[in-house]
file final.cif (mmCIF, C-alpha atoms)
data_query
#
loop_
_atom_site.label_atom_id
_atom_site.label_comp_id
_atom_site.auth_asym_id
_atom_site.auth_seq_id
_atom_site.Cartn_x
_atom_site.Cartn_y
_atom_site.Cartn_z
CA MET A 1 70.57 75.90 113.24
CA ARG A 2 73.22 76.83 115.82
CA SER A 3 75.63 78.03 113.15
CA SER A 4 73.06 80.28 111.45
CA ARG A 5 72.01 81.70 114.81
CA PHE A 6 75.65 82.31 115.68
CA VAL A 7 76.18 84.37 112.53
CA ALA A 8 73.11 86.52 113.21
CA PHE A 9 73.99 86.84 116.89
CA ALA A 10 77.61 87.69 116.13
CA ALA A 11 76.39 90.47 113.85
CA ALA A 12 74.55 92.06 116.77
CA ALA A 13 77.64 91.74 118.95
CA LEU A 14 79.87 93.39 116.37
CA PHE A 15 77.47 96.30 115.95
CA LEU A 16 77.43 96.79 119.73
CA MET A 17 81.21 96.58 119.85
CA ALA A 18 81.54 99.27 117.19
CA GLY A 19 79.14 101.49 119.10
CA CYS A 20 81.00 101.05 122.39
CA GLY A 21 84.32 101.82 120.73
CA GLY A 22 83.15 105.01 119.09
CA ASN A 23 83.88 103.50 115.68
CA ALA A 24 80.37 102.89 114.43
CA SER A 25 79.99 103.31 110.71
CA PRO A 26 78.12 106.45 109.67
CA ALA A 27 75.46 106.47 107.02
CA PRO A 28 77.10 106.61 103.58
CA SER A 29 77.78 110.07 102.24
CA THR A 30 76.84 111.07 98.72
CA SER A 31 80.27 112.13 97.55
CA GLY A 32 83.69 110.53 97.77
CA PRO A 33 87.22 111.86 98.13
CA ALA A 34 88.39 113.99 95.24
CA THR A 35 91.83 112.41 95.11
CA GLN A 36 93.45 109.23 96.35
CA ASP A 37 95.98 109.46 99.15
CA PRO A 38 99.33 108.81 97.42
CA ARG A 39 100.44 106.86 100.47
CA LEU A 40 97.98 104.16 99.36
CA ASP A 41 99.66 103.67 95.98
CA GLN A 42 101.64 100.70 97.28
CA PHE A 43 98.37 98.89 98.00
CA TYR A 44 96.52 99.87 94.84
CA ASN A 45 99.48 98.98 92.63
CA GLN A 46 100.49 95.73 94.30
CA THR A 47 101.01 92.63 92.18
CA VAL A 48 99.63 89.37 93.54
CA THR A 49 100.25 85.77 92.57
CA TRP A 50 97.23 83.54 92.05
CA THR A 51 97.74 79.86 92.88
CA ASP A 52 95.55 76.83 92.23
CA CYS A 53 93.54 76.01 95.35
CA GLY A 54 91.31 73.27 93.95
CA ASN A 55 87.88 72.83 92.39
CA GLY A 56 88.73 75.31 89.65
CA PHE A 57 89.52 78.15 92.08
CA GLN A 58 92.61 80.28 92.40
CA CYS A 59 93.69 81.90 95.67
CA THR A 60 95.85 84.81 96.73
CA ALA A 61 96.44 87.28 99.55
CA VAL A 62 95.99 91.04 99.21
CA LYS A 63 97.76 93.52 101.47
CA VAL A 64 95.78 96.42 102.97
CA PRO A 65 96.71 98.97 105.64
CA LEU A 66 95.67 98.21 109.21
CA SER A 67 94.69 101.88 109.52
CA TYR A 68 93.81 104.07 106.56
CA ASP A 69 94.88 107.03 108.69
CA ASP A 70 98.40 105.55 108.82
CA PRO A 71 99.04 103.73 105.52
CA GLY A 72 102.74 103.48 106.31
CA GLY A 73 102.09 101.48 109.46
CA ASP A 74 101.06 97.88 110.04
CA THR A 75 99.28 95.91 107.32
CA LEU A 76 96.68 93.15 107.10
CA SER A 77 96.44 90.27 104.66
CA LEU A 78 93.07 89.56 103.04
CA LYS A 79 92.38 86.02 101.84
CA VAL A 80 90.86 86.08 98.33
CA ASN A 81 89.72 83.39 95.92
CA ARG A 82 88.31 83.49 92.43
CA LEU A 83 86.70 81.22 89.88
CA PRO A 84 87.94 82.48 86.50
CA ALA A 85 85.37 83.25 83.82
CA ALA A 86 84.50 80.12 81.84
CA ASP A 87 84.59 81.99 78.52
CA PRO A 88 87.86 83.99 78.57
CA PRO A 89 87.26 85.74 75.21
CA GLY A 90 83.89 86.97 76.48
CA ARG A 91 85.11 87.96 79.92
CA ILE A 92 83.97 91.44 81.01
CA GLY A 93 85.47 91.63 84.51
CA SER A 94 85.22 90.39 88.08
CA LEU A 95 82.19 90.09 90.35
CA LEU A 96 83.08 90.48 94.02
CA VAL A 97 80.76 88.70 96.42
CA GLU A 98 80.04 89.89 100.00
CA PRO A 99 77.62 87.53 101.82
CA GLY A 100 77.18 89.68 104.91
CA GLY A 101 77.14 88.61 108.53
CA PRO A 102 78.98 90.74 109.47
CA GLY A 103 81.67 88.14 109.85
CA ALA A 104 80.78 85.68 107.10
CA SER A 105 83.58 84.28 104.95
CA GLY A 106 83.22 85.29 101.32
CA VAL A 107 85.87 82.74 100.35
CA GLU A 108 83.82 79.90 101.82
CA TYR A 109 80.58 81.31 100.43
CA VAL A 110 81.77 81.52 96.83
CA THR A 111 83.39 78.09 97.04
CA ALA A 112 80.24 76.45 98.41
CA SER A 113 77.70 78.27 96.25
CA LYS A 114 79.36 78.65 92.85
CA ASP A 115 76.65 76.51 91.24
CA ALA A 116 74.04 79.02 92.43
CA PHE A 117 75.39 81.47 89.87
CA SER A 118 74.07 81.06 86.35
CA GLN A 119 76.36 79.70 83.68
CA ASP A 120 75.78 82.84 81.63
CA LEU A 121 77.16 84.94 84.47
CA ARG A 122 80.04 82.57 85.17
CA ASN A 123 80.99 82.69 81.50
CA VAL A 124 81.75 86.41 81.58
CA TYR A 125 82.70 87.21 85.18
CA ASP A 126 85.42 85.95 87.47
CA LEU A 127 83.61 85.14 90.73
CA VAL A 128 85.69 86.64 93.53
CA GLY A 129 85.24 85.84 97.21
CA PHE A 130 87.12 87.45 100.07
CA ASP A 131 87.27 87.29 103.83
CA PRO A 132 86.86 90.86 105.13
CA ARG A 133 89.46 92.20 107.53
CA GLY A 134 89.26 90.47 110.90
CA VAL A 135 87.29 87.54 109.46
CA GLY A 136 88.18 83.95 108.62
CA ALA A 137 91.64 83.75 107.07
CA SER A 138 92.10 87.54 106.89
CA ASP A 139 93.99 88.21 110.14
CA PRO A 140 90.96 87.15 112.21
CA ILE A 141 90.01 89.06 115.31
CA HIS A 142 89.87 87.00 118.53
CA CYS A 143 87.24 87.73 121.14
CA LEU A 144 86.19 84.67 123.18
CA ASP A 145 87.79 81.62 124.75
CA ALA A 146 86.01 78.26 124.64
CA SER A 147 83.94 78.72 127.80
CA GLN A 148 82.96 82.25 126.84
CA ALA A 149 81.92 81.03 123.40
CA ASP A 150 79.73 78.35 125.01
CA ARG A 151 77.98 81.00 127.11
CA PHE A 152 77.60 83.22 124.05
CA LEU A 153 75.96 80.45 122.04
CA ALA A 154 73.72 79.36 124.90
CA VAL A 155 71.85 82.67 124.96
CA GLU A 156 68.65 82.92 122.92
CA GLY A 157 69.71 84.68 119.73
CA THR A 158 66.19 85.84 118.84
CA PRO A 159 64.88 87.28 122.12
CA PHE A 160 61.14 87.35 122.77
CA ASN A 161 61.01 89.31 126.04
CA ALA A 162 62.88 91.92 128.05
CA SER A 163 64.89 89.36 130.03
CA GLN A 164 66.14 87.60 126.91
CA THR A 165 66.94 90.96 125.29
CA ALA A 166 69.00 91.92 128.35
CA ASP A 167 70.89 88.62 128.05
CA VAL A 168 71.69 89.39 124.42
CA VAL A 169 72.93 92.88 125.32
CA ASN A 170 75.07 91.54 128.18
CA VAL A 171 76.81 88.77 126.27
CA SER A 172 77.23 91.04 123.25
CA THR A 173 78.85 93.72 125.40
CA ASP A 174 81.16 91.07 126.89
CA PHE A 175 81.91 89.94 123.35
CA GLY A 176 83.04 93.46 122.45
CA LYS A 177 85.17 93.76 125.58
CA GLY A 178 86.78 90.43 124.79
CA CYS A 179 87.71 91.65 121.31
CA GLN A 180 89.33 94.73 122.81
CA GLN A 181 91.32 92.60 125.26
CA LYS A 182 92.41 89.84 122.88
CA SER A 183 92.90 91.87 119.67
CA PRO A 184 93.63 95.42 120.89
CA LYS A 185 95.34 96.62 117.70
CA LEU A 186 92.77 95.17 115.34
CA VAL A 187 89.52 95.87 117.17
CA PHE A 188 89.38 99.58 116.36
CA ASN A 189 90.38 98.99 112.75
CA VAL A 190 87.57 96.65 111.76
CA GLY A 191 84.24 98.04 110.65
CA THR A 192 82.22 98.98 107.62
CA VAL A 193 84.24 101.99 106.46
CA PRO A 194 87.69 100.35 106.38
CA ALA A 195 86.18 97.21 104.86
CA ALA A 196 84.59 99.31 102.11
CA LYS A 197 87.95 100.95 101.48
CA ASP A 198 89.45 97.46 101.21
CA LEU A 199 86.91 96.78 98.47
CA ASP A 200 88.43 99.50 96.35
CA ILE A 201 91.90 98.02 96.74
CA LEU A 202 90.48 94.63 95.74
CA ARG A 203 88.91 96.29 92.69
CA SER A 204 92.29 97.61 91.68
CA VAL A 205 94.06 94.29 92.31
CA VAL A 206 91.65 92.41 90.01
CA LYS A 207 92.30 95.19 87.46
CA ASP A 208 88.75 96.46 87.09
CA GLN A 209 88.14 100.15 86.43
CA LYS A 210 84.84 99.94 88.31
CA LEU A 211 83.65 97.64 91.08
CA ASN A 212 81.05 94.99 90.26
CA LEU A 213 79.50 93.71 93.49
CA LEU A 214 76.94 91.19 94.69
CA ALA A 215 76.21 91.90 98.35
CA LYS A 216 73.67 90.39 100.71
CA SER A 217 72.25 91.40 104.10
CA TYR A 218 74.92 93.33 106.05
CA GLY A 219 77.03 93.26 102.88
CA THR A 220 74.55 95.71 101.36
CA PHE A 221 75.59 98.27 103.97
CA MET A 222 79.20 97.78 102.93
CA GLY A 223 78.15 98.27 99.32
CA LEU A 224 76.22 101.45 100.12
CA THR A 225 79.19 102.75 102.09
CA TYR A 226 81.40 102.06 99.06
CA VAL A 227 79.02 104.08 96.88
CA GLY A 228 79.39 107.02 99.26
CA LEU A 229 83.18 106.77 99.34
CA PHE A 230 83.88 105.98 95.69
CA PRO A 231 80.88 107.05 93.57
CA ALA A 232 82.93 107.25 90.37
CA LYS A 233 84.10 103.65 90.78
CA VAL A 234 80.64 102.03 91.01
CA GLY A 235 79.97 99.46 88.31
CA ARG A 236 77.19 96.87 88.39
CA PHE A 237 75.79 96.41 91.90
CA ALA A 238 73.23 93.86 93.10
CA LEU A 239 72.20 94.46 96.73
CA ASP A 240 70.00 91.73 98.20
CA GLY A 241 68.21 92.24 101.54
CA VAL A 242 69.20 95.89 101.94
CA ILE A 243 69.92 97.19 105.44
CA ASP A 244 68.67 100.70 106.24
CA PRO A 245 71.91 102.66 106.79
CA THR A 246 70.15 105.03 109.21
CA LEU A 247 69.42 102.28 111.74
CA THR A 248 71.19 102.47 115.12
CA ASN A 249 71.87 99.98 117.92
CA GLU A 250 68.90 101.28 119.89
#
call {"tool": "encode", "arguments": {"input": "final.cif", "output": "structure tokens"}}
result
Amino acid sequence: MRSSRFVAFAAAALFLMAGCGGNASPAPSTSGPATQDPRLDQFYNQTVTWTDCGNGFQCTAVKVPLSYDDPGGDTLSLKVNRLPAADPPGRIGSLLVEPGGPGASGVEYVTASKDAFSQDLRNVYDLVGFDPRGVGASDPIHCLDASQADRFLAVEGTPFNASQTADVVNVSTDFGKGCQQKSPKLVFNVGTVPAAKDLDILRSVVKDQKLNLLAKSYGTFMGLTYVGLFPAKVGRFALDGVIDPTLTNE
């Protein structure tokens, strides 16, 4: 119960943080860039090595730019795992899975829930999980120390009155400030838009011409943002529990 509340509560904190930093994700546009920045070629064309990481899964790390405005600068490493298609001759591509949060580990989700996918689907798709930038094993952002985390978790995550709502806003604001203090380089380079751009690099790394995506909850917003950025690269999308992209923090 505490862990599920933490995920939902952390999502609110991250949205507030993005709003305070002036880096909130806009509603997806309807057209993407005409051409790819050639400075990103090193990321799109990278070769990765997949290694056995148990239970039938393979794991790797994918390099992405810390800032898409400065692709020649610092980089991040995204943790990725995949369960190869069970019927290699019938394989039709990869299915990337984004469970939402924001802040949920796609690597852990795919590992724990692989049996929730039908055998027919697993026969023809590689199931691919990934930890988005700043999450899990993908250069995680740090925001709270132990005592601050205890205070964060002690607040009612589903407020029922004005006082409880104020508590949520206060600890969420402190959460955002903590991220800025503890991860100053990363904090303004996490968010929906850069994460959606990472998706397109992942698509290229798994050698798919178009992105096939299963996204849930907040992950649907990432998927919609991808559609706006890369409309010509959209393959088969399943968006479960769609978030209205016009919603604000108010």
call {"tool": "atom_distance", "arguments": {"input": "final.cif", "atom1": "CA of Gly101 (chain A)", "atom2": "CA of Lys216 (chain A)"}}
result
8.7 Å
call {"tool": "atom_distance", "arguments": {"input": "final.cif", "atom1": "CA of Leu83 (chain A)", "atom2": "CA of Gly106 (chain A)"}}
result
12.6 Å
call {"tool": "closest_residue", "arguments": {"input": "final.cif", "among": "A:Asp87, A:Glu156, A:Asp120, A:Asp37", "to": "Tyr68 (chain A)", "atoms": "only C-alpha atoms"}}
result
A:Asp37
call {"tool": "closest_residue", "arguments": {"input": "final.cif", "among": "A:Ala215, A:Cys59, A:Val107, A:Leu202", "to": "Gly241 (chain A)", "atoms": "only C-alpha atoms"}}
result
A:Ala215
call {"tool": "residues_around", "arguments": {"input": "final.cif", "residues": "Leu127 (chain A)", "least_positions_apart": "4", "cutoff": "7 Å", "atoms": "all atoms listed in the file", "output": "list in words"}}
result
Arg82, Leu83, Pro84, Ser94, Leu95 and Leu96 of chain A
call {"tool": "closest_residue", "arguments": {"input": "final.cif", "among": "A:Ser138, A:Gln164, A:Gln58, A:Ser172", "to": "Val190 (chain A)", "atoms": "all atoms listed in the file"}}
result
A:Ser138
call {"tool": "resolve_selection", "arguments": {"input": "final.cif", "expression": "the PyMOL selection byres ((chain A and resi 209) around 10)", "output": "list of chain:residue names"}}
result
A:Gly93, A:Asp200, A:Arg203, A:Ser204, A:Val206, A:Lys207, A:Asp208, A:Lys210, A:Leu211, A:Asn212, A:Ala232, A:Lys233, A:Val234, A:Gly235
call {"tool": "resolve_selection", "arguments": {"input": "final.cif", "expression": "the PyMOL selection byres ((chain A and resi 108-113) around 9)", "output": "PyMOL selection string"}}
result
chain A and resi 55+57+81-83+97-99+104-107+114-117+127-131
call {"tool": "resolve_selection", "arguments": {"input": "final.cif", "expression": "the PyMOL selection byres ((chain A and resi 166-171) around 8)", "output": "PyMOL selection string"}}
result
chain A and resi 13+151-152+155-157+159+162-165+172-175
call {"tool": "atom_distance", "arguments": {"input": "final.cif", "atom1": "CA of Tyr44 (chain A)", "atom2": "CA of Asp240 (chain A)"}}
result
27.9 Å
call {"tool": "closest_residue", "arguments": {"input": "final.cif", "among": "A:Gly56, A:Asp70, A:Val227, A:Val62", "to": "Arg39 (chain A)", "atoms": "all atoms listed in the file"}}
result
A:Asp70
